[in-house]
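K.L.:
Supplied structure: run_31.pdb, PDB, C-alpha atoms.
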ATOM      1  CA  GLN Z 217      99.755  90.169  84.920
ATOM      2  CA  ILE Z 218      96.715  91.886  86.385
ATOM      3  CA  GLN Z 219      96.860  95.654  86.497
ATOM      4  CA  LEU Z 220      94.474  98.344  87.698
ATOM      5  CA  VAL Z 221      95.222 101.774  86.293
ATOM      6  CA  GLU Z 222      93.524 104.831  87.755
ATOM      7  CA  SER Z 223      93.118 108.247  86.203
ATOM      8  CA  GLY Z 224      91.218 111.474  86.791
ATOM      9  CA  GLY Z 225      92.623 112.826  90.032
ATOM     10  CA  GLY Z 226      93.744 116.397  90.468
ATOM     11  CA  LEU Z 227      93.253 119.702  92.240
ATOM     12  CA  VAL Z 228      89.776 121.196  92.529
ATOM     13  CA  GLN Z 229      88.129 123.903  94.589
ATOM     14  CA  THR Z 230      85.518 123.254  97.242
ATOM     15  CA  GLY Z 231      82.209 122.469  95.588
ATOM     16  CA  GLY Z 232      83.829 121.239  92.413
ATOM     17  CA  SER Z 233      83.653 117.870  90.705
ATOM     18  CA  LEU Z 234      86.035 115.184  89.525
ATOM     19  CA  ARG Z 235      85.563 111.847  87.827
ATOM     20  CA  LEU Z 236      87.926 108.993  88.560
ATOM     21  CA  SER Z 237      88.351 105.990  86.276
ATOM     22  CA  CYS Z 238      90.017 102.654  86.868
ATOM     23  CA  ALA Z 239      90.605 100.121  84.136
ATOM     24  CA  ALA Z 240      91.530  96.517  84.910
ATOM     25  CA  SER Z 241      93.521  94.376  82.518
ATOM     26  CA  GLY Z 242      95.462  91.133  82.354
ATOM     27  CA  SER Z 243      92.886  88.632  83.619
ATOM     28  CA  THR Z 244      90.606  86.213  81.814
ATOM     29  CA  PHE Z 245      88.371  85.948  84.876
ATOM     30  CA  SER Z 246      85.367  88.159  85.422
ATOM     31  CA  ILE Z 247      85.506  90.827  88.087
ATOM     32  CA  ASN Z 248      83.222  90.431  91.090
ATOM     33  CA  ASN Z 249      83.381  93.560  93.236
ATOM     34  CA  MET Z 250      85.026  96.822  92.274
ATOM     35  CA  GLY Z 251      85.538  99.653  94.663
ATOM     36  CA  TRP Z 252      87.202 102.886  95.598
ATOM     37  CA  TYR Z 253      89.087 103.495  98.816
ATOM     38  CA  ARG Z 254      90.911 106.571 100.046
ATOM     39  CA  GLN Z 255      93.732 107.321 102.408
ATOM     40  CA  ALA Z 256      94.505 110.734 103.836
ATOM     41  CA  PRO Z 257      97.932 111.473 105.355
ATOM     42  CA  GLY Z 258      98.320 109.791 108.736
ATOM     43  CA  LYS Z 259      95.019 107.938 108.438
ATOM     44  CA  GLN Z 260      93.962 104.421 107.524
ATOM     45  CA  ARG Z 261      92.647 103.459 104.124
ATOM     46  CA  ASP Z 262      88.852 103.573 104.157
ATOM     47  CA  LEU Z 263      86.136 102.365 101.825
ATOM     48  CA  VAL Z 264      84.499 105.100  99.762
ATOM     49  CA  ALA Z 265      82.183 103.133  97.485
ATOM     50  CA  LEU Z 266      81.682  99.587  96.273
ATOM     51  CA  ILE Z 267      79.802  98.077  93.337
ATOM     52  CA  ASP Z 268      79.218  94.402  92.653
ATOM     53  CA  ILE Z 269      78.865  92.662  89.297
ATOM     54  CA  GLY Z 270      75.112  93.136  89.417
ATOM     55  CA  GLY Z 271      75.405  96.876  89.952
ATOM     56  CA  ARG Z 272      74.490  96.958  93.632
ATOM     57  CA  THR Z 273      76.290  99.788  95.399
ATOM     58  CA  ASN Z 274      77.436 100.674  98.883
ATOM     59  CA  TYR Z 275      78.759 104.043 100.041
ATOM     60  CA  ALA Z 276      80.502 105.486 103.038
ATOM     61  CA  ASP Z 277      78.153 107.768 104.952
ATOM     62  CA  SER Z 278      80.461 110.722 104.362
ATOM     63  CA  VAL Z 279      79.992 110.587 100.572
ATOM     64  CA  LYS Z 280      76.372 109.527 100.215
ATOM     65  CA  GLY Z 281      74.481 111.889  97.947
ATOM     66  CA  ARG Z 282      77.684 113.412  96.563
ATOM     67  CA  PHE Z 283      79.594 110.504  94.987
ATOM     68  CA  THR Z 284      78.340 107.956  92.468
ATOM     69  CA  ILE Z 285      80.096 104.714  91.604
ATOM     70  CA  SER Z 286      79.427 102.940  88.315
ATOM     71  CA  ARG Z 287      81.061 100.315  86.148
ATOM     72  CA  ASP Z 288      81.269  99.164  82.565
ATOM     73  CA  ASN Z 289      81.720  95.394  82.627
ATOM     74  CA  SER Z 290      82.523  95.282  78.908
ATOM     75  CA  LYS Z 291      85.542  97.495  79.579
ATOM     76  CA  ASN Z 292      86.436  96.147  83.061
ATOM     77  CA  THR Z 293      86.298  99.735  84.216
ATOM     78  CA  VAL Z 294      84.916 101.378  87.330
ATOM     79  CA  TYR Z 295      84.165 105.065  87.726
ATOM     80  CA  LEU Z 296      83.690 107.412  90.646
ATOM     81  CA  GLN Z 297      81.844 110.650  89.982
ATOM     82  CA  MET Z 298      82.588 113.047  92.820
ATOM     83  CA  ASN Z 299      80.450 116.153  93.191
ATOM     84  CA  SER Z 300      80.244 118.860  95.850
ATOM     85  CA  LEU Z 301      83.792 118.098  96.898
ATOM     86  CA  LYS Z 302      84.994 119.187 100.321
ATOM     87  CA  PRO Z 303      88.508 119.721 101.707
ATOM     88  CA  GLU Z 304      88.026 116.604 103.846
ATOM     89  CA  ASP Z 305      87.757 114.563 100.639
ATOM     90  CA  THR Z 306      91.441 115.241 100.025
ATOM     91  CA  ALA Z 307      93.260 111.907  99.889
ATOM     92  CA  VAL Z 308      94.910 109.376  97.654
ATOM     93  CA  TYR Z 309      92.137 107.352  96.018
ATOM     94  CA  TYR Z 310      92.757 103.688  95.279
ATOM     95  CA  CYS Z 311      90.840 101.348  93.019
ATOM     96  CA  ASN Z 312      90.257  97.774  94.162
ATOM     97  CA  ALA Z 313      88.918  94.713  92.362
ATOM     98  CA  ASP Z 314      88.448  91.063  93.147
ATOM     99  CA  PHE Z 315      88.118  88.414  90.472
ATOM    100  CA  PHE Z 316      86.088  85.234  90.407
ATOM    101  CA  ALA Z 317      88.310  82.163  90.877
ATOM    102  CA  LEU Z 318      91.282  84.189  92.122
ATOM    103  CA  PRO Z 319      92.239  84.157  95.808
ATOM    104  CA  TYR Z 320      93.442  87.745  96.075
ATOM    105  CA  ASP Z 321      92.114  91.170  95.338
ATOM    106  CA  TYR Z 322      94.084  93.780  93.465
ATOM    107  CA  TRP Z 323      94.864  97.457  93.939
ATOM    108  CA  GLY Z 324      95.679 100.331  91.666
ATOM    109  CA  GLN Z 325      98.617 102.631  92.258
ATOM    110  CA  GLY Z 326      96.465 105.458  93.608
ATOM    111  CA  THR Z 327      95.542 108.889  92.328
ATOM    112  CA  GLN Z 328      95.751 112.096  94.342
ATOM    113  CA  VAL Z 329      92.624 114.174  94.870
ATOM    114  CA  THR Z 330      93.137 117.573  96.488
ATOM    115  CA  VAL Z 331      90.257 119.869  97.345
ATOM    116  CA  SER Z 332      91.240 123.428  98.181
ATOM    117  CA  SER Z 333      89.196 125.603 100.509
TER     118      SER Z 333
END
Translate this file's structure into structure tokens.
P.N.:
Amino acid sequence: QIQLVESGGGLVQTGGSLRLSCAASGSTFSINNMGWYRQAPGKQRDLVALIDIGGRTNYADSVKGRFTISRDNSKNTVYLQMNSLKPEDTAVYYCNADFFALPYDYWGQGTQVTVSS
């Protein structure tokens, strides 16, 4: 059974930093893309950052220059370093991964990030 387990969320003041981690397990197939999405109350789930197996990245305009996505393929883990956090970054952050040879992508359970003003 494939699982994505996130960690690293919490409460931080404006301007602070957090690092999220997401570890995937339960599959013998390699992971293609890994990404982070976020969903604030009453809003849709939006892409924050994406990284492919070759390390190419894509970011939402709102986080460019502040957030950095990375991955460790040997550990099937993706990270999100979040710096200069703002109250508008407050949301539940979800990890996502799609696997070669599998028809579906997978989601983590979400981790809450709250930035106080």
K.L.:
Starting from the shown file, work through the PyMOL selection byres ((chain Z and resi 329) around 9) and note down what comes out as a count of residues only.
P.N.:
15
K.L.:
What residues come out when you apply the PyMOL selection byres ((chain Z and resi 285) around 10) to this file, written as a list of chain:residue names?
P.N.:
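After applying the PyMOL selection byres ((chain Z and resi 285) around 10), what remains is Z:Arg235, Z:Leu236, Z:Ser237, Z:Met250, Z:Gly251, Z:Trp252, Z:Val264, Z:Ala265, Z:Leu266, Z:Ile267, Z:Gly271, Z:Arg272, Z:Thr273, Z:Asn274, Z:Tyr275, Z:Phe283, Z:Thr284, Z:Ser286, Z:Arg287, Z:Val294, Z:Tyr295, Z:Leu296, Z:Gln297, Z:Met298.
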K.L.:
Counting only C-alpha atoms, which of Z:Gln217, Z:Ala239, Z:Gly326, Z:Leu263 gets nearest to Z:Asn289?
P.N.:
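Smallest distance to Z:Asn289 is found for Z:Ala239.
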K.L.:
For a test of reading the model, state the distance in Å between atom CA of Z:Gly232 and atom CA of Z:Arg282, rounded to one decimal.
P.N.:
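Going from atom CA of Z:Gly232 over to atom CA of Z:Arg282 covers 10.8 Å.
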K.L.:
From the options Z:Leu301, Z:Cys311, Z:Ile247, Z:Leu318, which residue's atoms come nearest to Z:Gly231, counting all atoms listed in the file?
P.N.:
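Smallest separation from Z:Gly231 among the options: Z:Leu301.
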K.L.:
What is the distance between atom CA of Z:Ala276 and atom CA of Z:Arg261, in Å to one decimal?
P.N.:
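Straight-line distance from atom CA of Z:Ala276 to atom CA of Z:Arg261 works out to 12.4 Å.
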K.L.:
Rounded to one decimal, what separation in Å do you get between atom CA of Z:Pro257 and atom CA of Z:Ser333?
P.N.:
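Computing the Euclidean distance for atom CA of Z:Pro257 and atom CA of Z:Ser333 yields 17.3 Å.
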K.L.:
Would you please work out which residue, of Z:Gly258, Z:Ala240, Z:Asn248, Z:Ser332, is nearest to Z:Pro303 when using all atoms listed in the file?
P.N.:
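Nearest candidate to Z:Pro303 out of Z:Gly258, Z:Ala240, Z:Asn248, Z:Ser332: Z:Ser332.
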K.L.:
Give the answer as one residue: which of Z:Asn249, Z:Ser241, Z:Gln260, Z:Asn312 has the shortest atom-to-atom distance to Z:Lys291, using only C-alpha atoms?
P.N.:
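So, comparing all the options, the nearest one is Z:Ser241.
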K.L.:
Compare Z:Ala256, Z:Ala313, Z:Val279, Z:Ile269 by their minimum atom-to-atom distance to Z:Cys238, counting all atoms listed in the file, and give me the closest one.
P.N.:
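Smallest separation from Z:Cys238 among the options: Z:Ala313.
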K.L.:
Go through Z:Tyr253, Z:Phe316, Z:Tyr310, Z:Phe245 and flag the residue nearest Z:Ser223, using only C-alpha atoms for the distances.
P.N.:
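Checking each of Z:Tyr253, Z:Phe316, Z:Tyr310, Z:Phe245 against Z:Ser223, counting only C-alpha atoms, the winner is Z:Tyr310.
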K.L.:
Supply stretch 267-278 of chain Z as a compact mmCIF listing (two decimals), in the frame of the given file, with all heavy atoms built in where the input has gaps.
P.N.:
# COMPACT_ATOMS: atom_id res chain seq x y z
N ILE Z 267 80.85 98.50 94.27
CA ILE Z 267 79.80 98.08 93.34
C ILE Z 267 80.06 96.63 92.96
O ILE Z 267 81.20 96.26 92.65
CB ILE Z 267 79.76 99.00 92.09
CG1 ILE Z 267 78.58 98.63 91.19
CG2 ILE Z 267 81.07 99.02 91.34
CD1 ILE Z 267 78.29 99.68 90.11
N ASP Z 268 79.02 95.80 93.00
CA ASP Z 268 79.22 94.40 92.65
C ASP Z 268 78.88 94.18 91.17
O ASP Z 268 78.49 95.12 90.47
CB ASP Z 268 78.44 93.48 93.58
CG ASP Z 268 76.92 93.55 93.40
OD1 ASP Z 268 76.46 94.12 92.39
OD2 ASP Z 268 76.21 93.02 94.26
N ILE Z 269 79.03 92.95 90.72
CA ILE Z 269 78.86 92.66 89.30
C ILE Z 269 77.44 92.92 88.83
O ILE Z 269 77.21 93.19 87.64
CB ILE Z 269 79.32 91.22 88.99
CG1 ILE Z 269 79.46 91.01 87.47
CG2 ILE Z 269 78.35 90.22 89.62
CD1 ILE Z 269 80.12 89.71 87.09
N GLY Z 270 76.49 92.88 89.77
CA GLY Z 270 75.11 93.14 89.42
C GLY Z 270 74.72 94.60 89.48
O GLY Z 270 73.58 94.96 89.19
N GLY Z 271 75.66 95.44 89.89
CA GLY Z 271 75.40 96.88 89.95
C GLY Z 271 74.93 97.38 91.30
O GLY Z 271 74.60 98.56 91.43
N ARG Z 272 74.89 96.51 92.29
CA ARG Z 272 74.49 96.96 93.63
C ARG Z 272 75.63 97.76 94.23
O ARG Z 272 76.79 97.39 94.13
CB ARG Z 272 74.14 95.76 94.50
CG ARG Z 272 72.83 95.09 94.10
CD ARG Z 272 72.60 93.84 94.93
NE ARG Z 272 73.51 92.79 94.58
CZ ARG Z 272 73.25 91.85 93.66
NH1 ARG Z 272 72.10 91.88 93.01
NH2 ARG Z 272 74.13 90.91 93.41
N THR Z 273 75.28 98.86 94.90
CA THR Z 273 76.29 99.79 95.40
C THR Z 273 76.22 99.95 96.91
O THR Z 273 75.18 99.71 97.54
CB THR Z 273 76.12 101.16 94.74
OG1 THR Z 273 74.80 101.67 95.02
CG2 THR Z 273 76.32 101.08 93.23
N ASN Z 274 77.34 100.39 97.45
CA ASN Z 274 77.44 100.67 98.88
C ASN Z 274 78.36 101.88 99.03
O ASN Z 274 79.42 101.93 98.37
CB ASN Z 274 77.99 99.47 99.63
CG ASN Z 274 77.97 99.66 101.13
OD1 ASN Z 274 77.08 100.29 101.68
ND2 ASN Z 274 78.98 99.12 101.80
N TYR Z 275 77.98 102.82 99.88
CA TYR Z 275 78.76 104.04 100.04
C TYR Z 275 79.08 104.31 101.51
O TYR Z 275 78.29 104.00 102.40
CB TYR Z 275 77.97 105.26 99.51
CG TYR Z 275 77.72 105.25 98.03
CD1 TYR Z 275 76.54 104.72 97.51
CD2 TYR Z 275 78.65 105.79 97.15
CE1 TYR Z 275 76.30 104.73 96.15
CE2 TYR Z 275 78.41 105.80 95.78
CZ TYR Z 275 77.24 105.26 95.30
OH TYR Z 275 77.00 105.27 93.94
N ALA Z 276 80.21 104.95 101.72
CA ALA Z 276 80.50 105.49 103.04
C ALA Z 276 79.51 106.61 103.33
O ALA Z 276 79.11 107.35 102.42
CB ALA Z 276 81.93 106.02 103.08
N ASP Z 277 79.13 106.74 104.58
CA ASP Z 277 78.15 107.77 104.95
C ASP Z 277 78.63 109.16 104.55
O ASP Z 277 77.81 110.01 104.17
CB ASP Z 277 77.89 107.72 106.45
CG ASP Z 277 77.08 106.51 106.87
OD1 ASP Z 277 76.44 105.89 106.00
OD2 ASP Z 277 77.09 106.19 108.07
N SER Z 278 79.92 109.39 104.61
CA SER Z 278 80.46 110.72 104.36
C SER Z 278 80.33 111.16 102.90
O SER Z 278 80.47 112.35 102.61
CB SER Z 278 81.93 110.78 104.78
OG SER Z 278 82.68 109.83 104.05
